[in-house]
$ cat query.cif   # mmCIF, C-alpha atoms
data_coords
loop_
_atom_site.label_atom_id
_atom_site.label_comp_id
_atom_site.auth_asym_id
_atom_site.auth_seq_id
_atom_site.Cartn_x
_atom_site.Cartn_y
_atom_site.Cartn_z
CA MET Q 1 -13.28 66.62 -5.95
CA LYS Q 2 -16.27 68.25 -4.29
CA GLY Q 3 -15.63 69.56 -0.88
CA ILE Q 4 -13.13 71.54 1.05
CA SER Q 5 -9.63 70.40 1.67
CA GLY Q 6 -8.85 70.82 5.29
CA LEU Q 7 -5.25 71.48 6.04
CA LEU Q 8 -3.54 71.32 9.34
CA LEU Q 9 0.06 71.99 10.22
CA LEU Q 10 1.00 71.01 13.70
CA GLY Q 11 3.08 73.60 15.40
CA ALA Q 12 2.48 76.38 12.87
CA ALA Q 13 -1.21 77.26 12.69
CA LEU Q 14 -1.90 80.25 10.48
CA SER Q 15 -4.98 82.29 11.26
CA PRO Q 16 -6.45 83.61 8.01
CA GLN Q 17 -7.71 87.12 8.29
CA GLY Q 18 -11.22 87.07 9.75
CA ALA Q 19 -11.34 83.32 10.62
CA PRO Q 20 -12.25 82.87 14.28
CA ALA Q 21 -10.13 80.61 16.41
CA PRO Q 22 -13.03 78.17 17.23
CA GLU Q 23 -13.47 77.44 13.49
CA LEU Q 24 -9.79 76.65 13.21
CA GLU Q 25 -10.01 74.36 16.20
CA LYS Q 26 -12.87 72.47 14.52
CA VAL Q 27 -10.86 72.11 11.32
CA HIS Q 28 -7.88 70.98 13.39
CA ALA Q 29 -9.91 68.22 15.02
CA LEU Q 30 -11.55 67.13 11.76
CA VAL Q 31 -8.36 66.92 9.72
CA LYS Q 32 -5.96 65.45 12.23
CA ALA Q 33 -5.79 61.66 12.56
CA SER Q 34 -8.25 60.34 15.14
CA SER Q 35 -7.54 57.56 17.59
CA GLY Q 36 -7.31 54.32 15.63
CA GLU Q 37 -6.37 56.00 12.37
CA ALA Q 38 -2.91 55.93 10.81
CA ARG Q 39 -1.78 53.06 13.05
CA TRP Q 40 1.35 52.75 10.90
CA ASP Q 41 2.40 56.12 12.30
CA GLU Q 42 2.76 54.56 15.75
CA ILE Q 43 5.78 52.63 14.49
CA PRO Q 44 9.09 54.43 15.17
CA TRP Q 45 10.23 54.58 11.53
CA LEU Q 46 13.81 55.59 10.87
CA THR Q 47 14.48 57.30 7.54
CA SER Q 48 18.08 56.31 6.92
CA LEU Q 49 18.80 52.79 5.71
CA TRP Q 50 22.37 52.92 6.97
CA GLU Q 51 21.40 54.21 10.42
CA ALA Q 52 18.77 51.48 10.60
CA ARG Q 53 21.35 48.88 9.65
CA LYS Q 54 23.74 50.14 12.35
CA LYS Q 55 20.99 50.05 14.97
CA ALA Q 56 19.83 46.58 13.90
CA ALA Q 57 23.38 45.21 14.03
CA ALA Q 58 24.02 46.74 17.45
CA GLU Q 59 20.77 45.46 18.92
CA GLY Q 60 20.67 42.07 17.22
CA LYS Q 61 17.43 42.70 15.31
CA PRO Q 62 16.30 42.42 11.70
CA LEU Q 63 15.37 45.45 9.62
CA PHE Q 64 11.85 46.00 8.30
CA ILE Q 65 12.12 48.15 5.18
CA TRP Q 66 9.21 50.03 3.60
CA ALA Q 67 10.47 51.60 0.38
CA ALA Q 68 8.75 53.72 -2.25
CA ASN Q 69 9.57 56.11 -5.08
CA GLY Q 70 7.88 58.75 -2.97
CA ASN Q 71 8.42 58.68 0.78
CA PRO Q 72 5.97 56.18 2.33
CA LEU Q 73 5.61 58.46 5.35
CA GLY Q 74 4.24 61.28 3.22
CA VAL Q 75 5.19 63.82 0.60
CA THR Q 76 8.13 66.10 1.40
CA MET R 1 2.39 46.56 15.60
CA LYS R 2 3.99 45.43 18.85
CA LEU R 3 6.18 42.94 16.99
CA LEU R 4 7.39 45.62 14.56
CA ARG R 5 8.07 48.09 17.34
CA GLU R 6 9.91 45.69 19.63
CA GLN R 7 11.58 43.06 17.47
CA PHE R 8 12.54 44.94 14.31
CA VAL R 9 14.26 48.16 13.33
CA PRO R 10 11.66 49.71 11.00
CA VAL R 11 12.84 52.10 8.31
CA ALA R 12 10.89 53.98 5.61
CA LEU R 13 12.83 54.93 2.49
CA THR R 14 12.45 57.27 -0.44
CA ILE R 15 14.12 55.69 -3.45
CA HIS R 16 15.50 58.68 -5.36
CA GLY R 17 17.89 56.52 -7.35
CA VAL R 18 20.99 54.49 -6.67
CA TYR R 19 23.26 55.96 -4.02
CA GLN R 20 26.92 55.63 -4.97
CA ASP R 21 28.08 54.83 -1.46
CA ALA R 22 28.03 51.96 1.04
CA GLU R 23 24.33 52.53 1.72
CA GLY R 24 23.59 52.23 -2.00
CA GLU R 25 25.63 49.05 -2.21
CA PHE R 26 23.65 47.60 0.70
CA TRP R 27 20.32 48.47 -0.97
CA ASN R 28 21.52 47.01 -4.27
CA SER R 29 22.45 43.76 -2.53
CA ILE R 30 18.89 43.53 -1.22
CA LYS R 31 17.40 44.25 -4.64
CA LYS R 32 19.50 41.46 -6.17
CA GLN R 33 17.76 39.01 -3.85
CA CYS R 34 14.29 40.51 -4.10
CA THR R 35 12.71 42.53 -6.91
CA TYR R 36 11.94 46.05 -5.75
CA ARG R 37 8.60 47.65 -6.56
CA THR R 38 7.48 50.92 -5.01
CA GLY R 39 5.53 50.41 -1.82
CA ASN R 40 6.95 46.97 -1.09
CA HIS R 41 8.08 45.73 2.30
CA HIS R 42 11.23 43.72 2.94
CA ALA R 43 12.63 42.24 6.11
CA VAL R 44 16.39 41.76 6.02
CA THR R 45 19.13 40.79 8.44
CA PRO R 46 21.80 43.36 9.36
CA ALA R 47 24.11 41.33 7.10
CA GLY R 48 21.70 42.05 4.23
CA ASN R 49 20.02 38.66 3.78
CA VAL R 50 16.35 38.85 2.86
CA LEU R 51 13.93 37.22 5.30
CA CYS R 52 10.70 38.10 3.44
CA PRO R 53 8.65 38.41 1.32
CA THR R 54 9.08 34.86 0.15
CA PRO R 55 8.23 32.89 -1.89
CA ASN R 56 6.96 35.82 -3.97
CA CYS R 57 10.09 37.88 -3.52
CA ASN R 58 10.57 38.22 -7.25
CA SER R 59 6.97 38.23 -8.35
CA GLY R 60 7.38 41.85 -9.38
CA SER R 61 3.94 42.77 -8.15
CA VAL R 62 3.34 46.20 -6.76
CA GLY R 63 2.64 46.06 -3.07
CA SER R 64 4.38 42.82 -2.14
CA PHE R 65 3.98 42.76 1.57
CA CYS R 66 6.14 41.05 4.09
CA LYS R 67 4.37 39.45 7.06
CA PRO R 68 6.36 40.47 10.13
CA LYS R 69 5.50 37.29 12.02
CA GLU R 70 6.83 35.09 9.21
CA ALA R 71 9.93 37.23 8.92
CA PHE R 72 10.53 37.06 12.67
CA ASP R 73 10.15 33.27 12.66
CA ARG R 74 12.79 33.02 9.91
CA TRP R 75 15.03 35.37 11.89
CA THR R 76 14.78 33.35 15.08
CA ALA R 77 15.47 30.15 13.13
CA LEU R 78 18.92 31.50 12.23
CA PRO R 79 21.87 30.46 14.42
CA GLU R 80 22.20 32.61 17.53
CA ALA R 81 25.76 33.53 16.51
CA GLU R 82 24.33 35.36 13.50
CA ARG R 83 21.62 37.14 15.48
CA ARG R 84 23.34 38.31 18.64
CA PRO R 85 23.97 42.05 19.12
CA GLY R 86 27.28 42.96 17.53
CA ALA R 87 27.48 39.84 15.37
CA VAL R 88 27.55 42.17 12.36
CA GLN R 89 29.78 45.20 12.60
CA VAL R 90 28.51 48.25 10.73
CA GLU R 91 30.73 51.32 10.65
CA ASP R 92 29.65 54.89 10.09
CA LEU R 93 29.41 55.93 6.46
CA LYS R 94 32.75 57.47 5.48
CA THR R 95 31.37 59.14 2.39
CA LYS R 96 27.82 59.90 1.33
CA ASP R 97 26.60 60.38 -2.23
CA ALA R 98 26.36 64.17 -2.51
CA ARG R 99 23.70 64.01 -5.24
CA PHE R 100 20.86 63.34 -2.83
CA PRO R 101 19.23 65.92 -0.53
CA GLU R 102 20.24 66.38 3.07
CA ARG R 103 18.26 68.31 5.61
CA PRO R 104 19.74 71.83 5.99
CA ALA R 105 21.30 72.70 9.33
CA GLY R 106 18.92 74.59 11.62
CA SER R 107 15.89 73.62 9.57
CA LEU R 108 12.49 72.66 10.92
CA VAL R 109 10.28 69.91 9.54
CA LEU R 110 6.57 70.19 10.25
CA LYS R 111 4.18 67.27 10.04
CA GLY R 112 1.09 68.12 8.00
CA TYR R 113 -2.20 66.37 7.38
CA ASN R 114 -4.76 66.75 4.61
CA ARG R 115 -8.28 65.36 4.43
CA PRO R 116 -11.37 66.25 2.35
CA LEU R 117 -14.15 67.98 4.25
CA GLU R 118 -17.63 69.06 3.22
CA ARG R 119 -20.46 71.16 4.59
CA GLY R 120 -23.44 69.41 6.15
CA PRO R 121 -27.07 70.58 5.73
CA GLY R 122 -26.62 73.11 8.51
CA GLY R 123 -23.37 74.42 7.10
CA GLU R 124 -21.26 72.57 9.62
CA LEU R 125 -17.93 71.14 8.48
CA LYS R 126 -17.66 67.37 8.52
CA ARG R 127 -15.46 64.60 7.13
CA VAL R 128 -16.30 63.18 3.72
CA LYS R 129 -17.70 59.65 4.11
CA GLU R 130 -16.89 58.35 0.62
CA TYR R 131 -14.11 59.86 -1.41
CA TRP R 132 -13.20 59.07 -5.02
CA ASP R 133 -9.72 59.78 -6.21
CA CYS R 134 -7.54 58.96 -9.15
CA GLN R 135 -3.93 57.84 -8.93
CA GLU R 136 -2.21 58.46 -12.23
CA LEU R 137 0.55 55.88 -12.27
CA SER R 138 1.35 56.85 -15.87
CA PRO R 139 -0.50 58.57 -18.75
CA GLU R 140 -1.71 55.12 -19.76
CA SER R 141 -2.55 53.89 -16.28
CA VAL R 142 -5.21 55.84 -14.40
CA ASN R 143 -6.52 54.11 -11.32
CA TRP R 144 -9.80 55.40 -9.84
CA LYS R 145 -10.43 54.23 -6.33
CA LYS R 146 -13.10 54.81 -3.71
CA PHE R 147 -12.03 55.47 -0.15
CA VAL R 148 -14.61 54.95 2.60
CA ASP R 149 -13.96 56.89 5.78
CA PRO R 150 -10.60 57.98 4.36
CA GLU R 151 -7.74 58.53 6.71
CA PRO R 152 -5.79 61.76 6.39
CA GLY R 153 -2.94 62.07 3.93
CA ARG R 154 0.43 63.22 5.18
CA THR R 155 2.91 65.87 4.16
CA TRP R 156 6.18 67.10 5.60
CA VAL R 157 6.98 70.78 5.26
CA TRP R 158 10.64 71.71 5.40
CA LEU R 159 11.42 75.25 6.54
CA THR R 160 14.88 76.73 6.54
CA ARG R 161 16.11 78.48 9.64
CA GLU R 162 15.36 81.83 8.00
CA GLN R 163 11.82 80.80 7.12
CA TRP R 164 10.74 79.41 10.49
CA THR R 165 12.41 82.14 12.52
CA SER R 166 10.55 84.69 10.38
CA ILE R 167 7.24 83.46 11.81
CA VAL R 168 8.36 83.34 15.44
CA PRO R 169 8.56 86.97 16.58
CA ALA R 170 10.84 87.93 19.42
CA ASP R 171 7.96 89.30 21.48
CA LEU R 172 5.68 86.29 21.22
CA LYS R 173 2.41 86.84 23.11
CA PRO R 174 -0.97 85.00 23.01
CA GLY R 175 -3.29 86.65 20.49
CA LYS R 176 -0.50 88.47 18.67
CA THR R 177 -0.98 88.77 14.90
CA PHE R 178 1.53 89.82 12.29
CA PRO R 179 1.99 89.49 8.51
CA VAL R 180 3.79 86.29 7.57
CA PRO R 181 6.63 86.81 5.07
CA ASP R 182 5.79 85.57 1.58
CA ALA R 183 8.51 82.92 1.47
CA ALA R 184 7.29 81.20 4.63
CA ALA R 185 3.62 81.72 3.78
CA GLY R 186 4.10 80.13 0.38
CA ARG R 187 5.62 76.99 1.83
CA LEU R 188 3.08 76.70 4.64
CA VAL R 189 -0.07 77.43 2.64
CA ARG R 190 0.56 76.47 -0.97
CA LEU R 191 3.13 73.70 -0.93
CA PRO R 192 1.27 71.30 1.41
CA LEU R 193 -1.99 71.63 -0.54
CA LEU R 194 -1.37 68.25 -2.09
CA ASN R 195 -3.73 65.34 -1.95
CA THR R 196 -1.60 62.58 -0.49
CA MET R 197 -4.46 60.22 0.25
CA TYR R 198 -4.05 57.04 -1.80
#

$ encode --input "query.cif" --output "structure tokens"
Amino acid sequence: MKGISGLLLLGAALSPQGAPAPELEKVHALVKASSGEARWDEIPWLTSLWEARKKAAAEGKPLFIWAANGNPLGVT
Amino acid sequence: MKLLREQFVPVALTIHGVYQDAEGEFWNSIKKQCTYRTGNHHAVTPAGNVLCPTPNCNSGSVGSFCKPKEAFDRWTALPEAERRPGAVQVEDLKTKDARFPERPAGSLVLKGYNRPLERGPGGELKRVKEYWDCQELSPESVNWKKFVDPEPGRTWVWLTREQWTSIVPADLKPGKTFPVPDAAAGRLVRLPLLNTMY
């Protein structure tokens, strides 16, 4: 893949030696999801099936399950 | 989105294998009604009855998607006695299968993003407009796909208490720099360098 992978970690930005802060801020803005992107992330996903079942039973709601061999919310 | 947020309890699962506990039994009961394929959606009642996807529940196709509106209509068609809060009693898990990972006490989980960037004619960084990538589902199944205006991929970085406290000095001040211990640096810099866009 041609190009540069931009990486952002919220809450733990590392400043490589010599890289000015404004450059990092630009990378931050470019890599992070913009408004309208990753809409699925606006859903309050639980990550425990049993906790979800308990909550659904208590609140009288159905469960909506998104399951994958890797975590659908992203690699851990 | 509003329907999912307000009328369902959404849950995202990693299927490591079959849990040998009540949670595993519940998941197995769902799979008996509806073939599981990675990436699929299912809507189920707290009692474990599948609401969708139907009628293709057992089509076996990757990416069978459940339409929340259809699922909600089937839910509301059920008798009120089955749907009311507390109609199904679910106790806490008494035992959990110890074979599967639990988050360590005191740990920190950081949300990470990854996205391809490139340099423009003037050297400025910008997002890649069209991005080709290959998802190797198996040695025999290589799926090349073009992403236009790709959204960022997502990673989650787990740090133990020792690792994250090692990068938060006691005398934290704006502009302070210090060498990051190798163990923490490795997890922060190397581990998340995965392309999770697909």

$ atom_distance --input "query.cif" --atom1 "atom CA of Asp97 of chain R" --atom2 "atom CA of Val50 of chain R"
24.4 Å

$ closest_residue --input "query.cif" --among "R:Lys32, R:His41, R:Lys96, R:Arg103" --to "chain Q" --atoms "all atoms listed in the file"
R:His41

$ closest_residue --input "query.cif" --among "R:Trp27, R:Tyr36, R:Trp156, R:Trp75" --to "Gly60 of chain Q" --atoms "all atoms listed in the file"
R:Trp75

$ resolve_selection --input "query.cif" --expression "the PyMOL selection byres ((chain R and resi 110) around 6)" --output "PyMOL selection string"
chain R and resi 109+111+156-157

$ write_last_selection --input "query.cif" --atoms "C-alpha atoms" --output "compact mmCIF listing (two decimals), in the frame of the given file"
# COMPACT_ATOMS: atom_id res chain seq x y z
CA VAL R 109 10.28 69.91 9.54
CA LYS R 111 4.18 67.27 10.04
CA TRP R 156 6.18 67.10 5.60
CA VAL R 157 6.98 70.78 5.26

$ atom_distance --input "query.cif" --atom1 "atom CA of Pro179 of chain R" --atom2 "atom CA of Trp164 of chain R"
13.5 Å

$ atom_distance --input "query.cif" --atom1 "atom CA of Arg99 of chain R" --atom2 "atom CA of Leu159 of chain R"
20.4 Å

$ residues_around --input "query.cif" --residues "Pro44 of chain Q" --least-positions-apart "4" --cutoff "10 Å" --atoms "all atoms listed in the file" --output "PyMOL selection string"
(chain Q and resi 40) or (chain R and resi 4-6+9-12)

$ residues_near_point --input "query.cif" --point "(10.3, 53.2, -2.0)" --cutoff "10 Å" --atoms "all atoms listed in the file" --output "ChimeraX atom specification"
/Q:65-72 /R:12-17,36-41

$ resolve_selection --input "query.cif" --expression "the PyMOL selection byres ((chain R and resi 48) around 12)" --output "ChimeraX atom specification"
/Q:49-50,52-54,56-57,61-65 /R:23,25-34,42-47,49-52,82,88,90

$ write_last_selection --input "query.cif" --atoms "C-alpha atoms" --output "PDB file, in the coordinates of the input"
ATOM      1  CA  LEU Q  49      18.800  52.790   5.710  1.00  0.00           C
ATOM      2  CA  TRP Q  50      22.370  52.920   6.970  1.00  0.00           C
ATOM      3  CA  ALA Q  52      18.770  51.480  10.600  1.00  0.00           C
ATOM      4  CA  ARG Q  53      21.350  48.880   9.650  1.00  0.00           C
ATOM      5  CA  LYS Q  54      23.740  50.140  12.350  1.00  0.00           C
ATOM      6  CA  ALA Q  56      19.830  46.580  13.900  1.00  0.00           C
ATOM      7  CA  ALA Q  57      23.380  45.210  14.030  1.00  0.00           C
ATOM      8  CA  LYS Q  61      17.430  42.700  15.310  1.00  0.00           C
ATOM      9  CA  PRO Q  62      16.300  42.420  11.700  1.00  0.00           C
ATOM     10  CA  LEU Q  63      15.370  45.450   9.620  1.00  0.00           C
ATOM     11  CA  PHE Q  64      11.850  46.000   8.300  1.00  0.00           C
ATOM     12  CA  ILE Q  65      12.120  48.150   5.180  1.00  0.00           C
TER      13      ILE Q  65
ATOM     14  CA  GLU R  23      24.330  52.530   1.720  1.00  0.00           C
ATOM     15  CA  GLU R  25      25.630  49.050  -2.210  1.00  0.00           C
ATOM     16  CA  PHE R  26      23.650  47.600   0.700  1.00  0.00           C
ATOM     17  CA  TRP R  27      20.320  48.470  -0.970  1.00  0.00           C
ATOM     18  CA  ASN R  28      21.520  47.010  -4.270  1.00  0.00           C
ATOM     19  CA  SER R  29      22.450  43.760  -2.530  1.00  0.00           C
ATOM     20  CA  ILE R  30      18.890  43.530  -1.220  1.00  0.00           C
ATOM     21  CA  LYS R  31      17.400  44.250  -4.640  1.00  0.00           C
ATOM     22  CA  LYS R  32      19.500  41.460  -6.170  1.00  0.00           C
ATOM     23  CA  GLN R  33      17.760  39.010  -3.850  1.00  0.00           C
ATOM     24  CA  CYS R  34      14.290  40.510  -4.100  1.00  0.00           C
ATOM     25  CA  HIS R  42      11.230  43.720   2.940  1.00  0.00           C
ATOM     26  CA  ALA R  43      12.630  42.240   6.110  1.00  0.00           C
ATOM     27  CA  VAL R  44      16.390  41.760   6.020  1.00  0.00           C
ATOM     28  CA  THR R  45      19.130  40.790   8.440  1.00  0.00           C
ATOM     29  CA  PRO R  46      21.800  43.360   9.360  1.00  0.00           C
ATOM     30  CA  ALA R  47      24.110  41.330   7.100  1.00  0.00           C
ATOM     31  CA  ASN R  49      20.020  38.660   3.780  1.00  0.00           C
ATOM     32  CA  VAL R  50      16.350  38.850   2.860  1.00  0.00           C
ATOM     33  CA  LEU R  51      13.930  37.220   5.300  1.00  0.00           C
ATOM     34  CA  CYS R  52      10.700  38.100   3.440  1.00  0.00           C
ATOM     35  CA  GLU R  82      24.330  35.360  13.500  1.00  0.00           C
ATOM     36  CA  VAL R  88      27.550  42.170  12.360  1.00  0.00           C
ATOM     37  CA  VAL R  90      28.510  48.250  10.730  1.00  0.00           C
TER      38      VAL R  90
END
